[in-house]
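*Asks:* Below is a structure I'd like to ask you about.
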Amino acid sequence: MPTQQRPRSRTPPPTDRTKSPLPPTPTRQARRLWLTSSLTQSFKTPSRWEQTILVVKMAVRLTWMTVRGSPLWVVNFIRLILYALFCAPALARSIRYYFSGAVDRSLRYGPKVRHTADVYRPIAIRGEKAPTVIFVSGGAWVIGYKAWASLTGRALAAHGVLVFAPDYRNCPQCDVHGMASDVDLSIGWCLEKCEEYGGDRDNVVLVGQSAGAHLCALVLLRGPVHWRPTDLRGFVGISGPYHVPATAAHWRARGFGQAMLDFIFGDEAGMLLASPSYLAARAEEVELPPMLLLHGTADKSATAQSTLDFAAALEDLGVDVHTKLYEGWTHTDPILERPFAGDQRLHRDLLEAVSKWCDGPVAPFADD
């Protein structure tokens, strides 16, 4: 009896050609970003062990950068620690509120350990949905953390505003482009999730402070990937360094080492391309939301001239932009020292901007 022969498989054997996909295109890259983003996936909250390992690794790399750079950075870091210790009594109430359960902490928006966000739920809602603020904190691209938004988040939540405070990677985890990518991704996640927490998807205001203001403006000028500028009702920049080369010499004099600047921004050309003022001056047509730029006149970390120059470049583009200078205020006065002393001008200005740009009333502001 003749044996039956098995039919040959028509599938060609694997070769190097079949293993190599077509070269990526912008469309494929955008699709891959979407499919792997937190907008379509859920992620586990990082454990304390993961966070501890991350802090140790960052400390080691920052120490090495400090050794290679200016020793003045070490002096300024020690001054920062002492400043934080002296502020601790005033911060005690805010710290207790942050860990009291009133804040939804460390919600994941992406795969990295730093891809988390805090949510400050509104206390006094005057409508079915609350206007929403996305607050991106600063920290010189090195010590930024989402908890720095706690004072502002608490103040706005008390007046019926839902506040998101996303975290993002800092140096030495990534350079400025990685930070901007994180901010872009986090804003897209906040926009998608805001109504789950009682917010209004159609009434969202973006707020950035210091390096956070720089990164938000950079994403807006470059063009976000995960959302559109028209998704925002407005943008508020607080104490932002919008032109990197113009202030780099000032940072070096204050101990911000060249090794760290090189890691974050690259060479002079990289600094320019990471400068919102430069991008605005070169842009021919751009779609941006209304803007309010705030700055203290005594700011020694990022001069008020940076805000004025950025506003001028935006005005040339036809952007609806307004500036306000706080006479005699330093870099951290708007978010720390002045609120500690009972001066709520920043919180009042933010609430007025939300009321102006968003539909529906918010609770009236009252100093307390």
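In the structure tokens, chains take letters A, B, ... by order of appearance, with residues numbered from 1 within each chain and ligands from 1 in the order shown.
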Write out as a PDB file with N, CA, C and O atoms, in the first residue's frame each polymer residue whose atoms come within 6 Å of Ala117 (chain A), counting only C-alpha atoms; drop sequence neighbours fewer than 4 positions from it.
*Replies:*
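Output file part-v3.pdb is given in full below:
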ATOM      1  N   SER A 106      -0.775  59.001  43.235  1.00  0.00           N
ATOM      2  CA  SER A 106       0.035  58.064  42.440  1.00  0.00           C
ATOM      3  C   SER A 106      -0.789  57.161  41.537  1.00  0.00           C
ATOM      4  O   SER A 106      -0.615  55.945  41.497  1.00  0.00           O
ATOM      5  N   LEU A 107      -1.708  57.759  40.791  1.00  0.00           N
ATOM      6  CA  LEU A 107      -2.449  57.029  39.765  1.00  0.00           C
ATOM      7  C   LEU A 107      -1.571  56.914  38.527  1.00  0.00           C
ATOM      8  O   LEU A 107      -0.992  57.905  38.074  1.00  0.00           O
ATOM      9  N   ALA A 165      -2.288  66.665  39.190  1.00  0.00           N
ATOM     10  CA  ALA A 165      -0.872  67.021  39.354  1.00  0.00           C
ATOM     11  C   ALA A 165      -0.020  65.859  38.873  1.00  0.00           C
ATOM     12  O   ALA A 165       0.332  64.967  39.656  1.00  0.00           O
ATOM     13  N   PRO A 166       0.326  65.813  37.582  1.00  0.00           N
ATOM     14  CA  PRO A 166       1.117  64.702  37.062  1.00  0.00           C
ATOM     15  C   PRO A 166       2.600  64.833  37.391  1.00  0.00           C
ATOM     16  O   PRO A 166       3.134  65.934  37.480  1.00  0.00           O
ATOM     17  N   ASP A 167       3.241  63.703  37.578  1.00  0.00           N
ATOM     18  CA  ASP A 167       4.685  63.646  37.761  1.00  0.00           C
ATOM     19  C   ASP A 167       5.330  63.365  36.406  1.00  0.00           C
ATOM     20  O   ASP A 167       4.652  62.988  35.446  1.00  0.00           O
TER      21      ASP A 167
END
*Asks:* Can you pull out every residue within 12 Å of Asp262 (chain A), counting only C-alpha atoms, but drop anything in the same chain fewer than 3 positions away, and send it as a list in words?
*Replies:*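 After dropping sequence-adjacent residues, the list is Met65, Arg68, Gly69, Cys171, Pro172, Cys174, Asp175, Val176, Val244, Pro245, Ala248, Arg252, Phe256, Gly257, Gln258, Ala259, Phe265, Gly266, Asp267, Glu268, Ala269, Gly270 and Met271 of chain A.
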*Asks:* Using only C-alpha atoms, which of A:Val319, A:Leu261, A:Val205, A:Leu191 sits nearest Trp227 (chain A)?
*Replies:* A:Leu191
*Asks:* Which is closest to Phe365 (chain A) among A:Gln344, A:Thr230, A:Thr152, A:Asn203, if we use only C-alpha atoms?
*Replies:*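 Looking at the shortest contact to Phe365 (chain A), the residue is A:Gln344.
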*Asks:* Out of A:Thr323, A:Gln305, A:Ser275, A:Thr330, which residue has the shortest atom-to-atom distance to Leu292 (chain A) when counting only C-alpha atoms?
*Replies:*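 Of A:Thr323, A:Gln305, A:Ser275, A:Thr330, the one nearest Leu292 (chain A), counting only C-alpha atoms, is A:Thr323.
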*Asks:* Tell me, in Å to one decimal, how far CA of Glu195 (chain A) is from CA of Arg348 (chain A).
*Replies:*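 One can read the CA of Glu195 (chain A) to CA of Arg348 (chain A) distance as 24.3 Å.
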*Asks:* May I have the residues within 7 Å of Pro276 (chain A) as JSON, numbers by chain, using only C-alpha atoms and disregarding those fewer than 5 positions away in the same chain?
*Replies:* {"A": [217, 218, 221, 242, 243]}
*Asks:* Give me the residues within 10 Å of Glu287 (chain A) as a PyMOL selection string, counting only C-alpha atoms and dropping any in the same chain fewer than 2 places off.
*Replies:* chain A and resi 220-221+223+228-230+285+289-290+317-319
*Asks:* For Val362 (chain A), work out the shell of residues within 12 Å, counting only C-alpha atoms and skipping chain neighbours fewer than 5 positions away, then give it as a list in words.
*Replies:* Pro122, Ile123, Ala124, Ile125, Arg126, Gly127, Glu128, Lys129, Ala130, Pro131, Thr132, Leu156, Ala157, Ala158, His159, Gly160, Val161, Leu162, Asn203, Arg348, Leu350, Leu351, Glu352, Ala353, Val354, Ser355, Lys356 and Trp357 of chain A
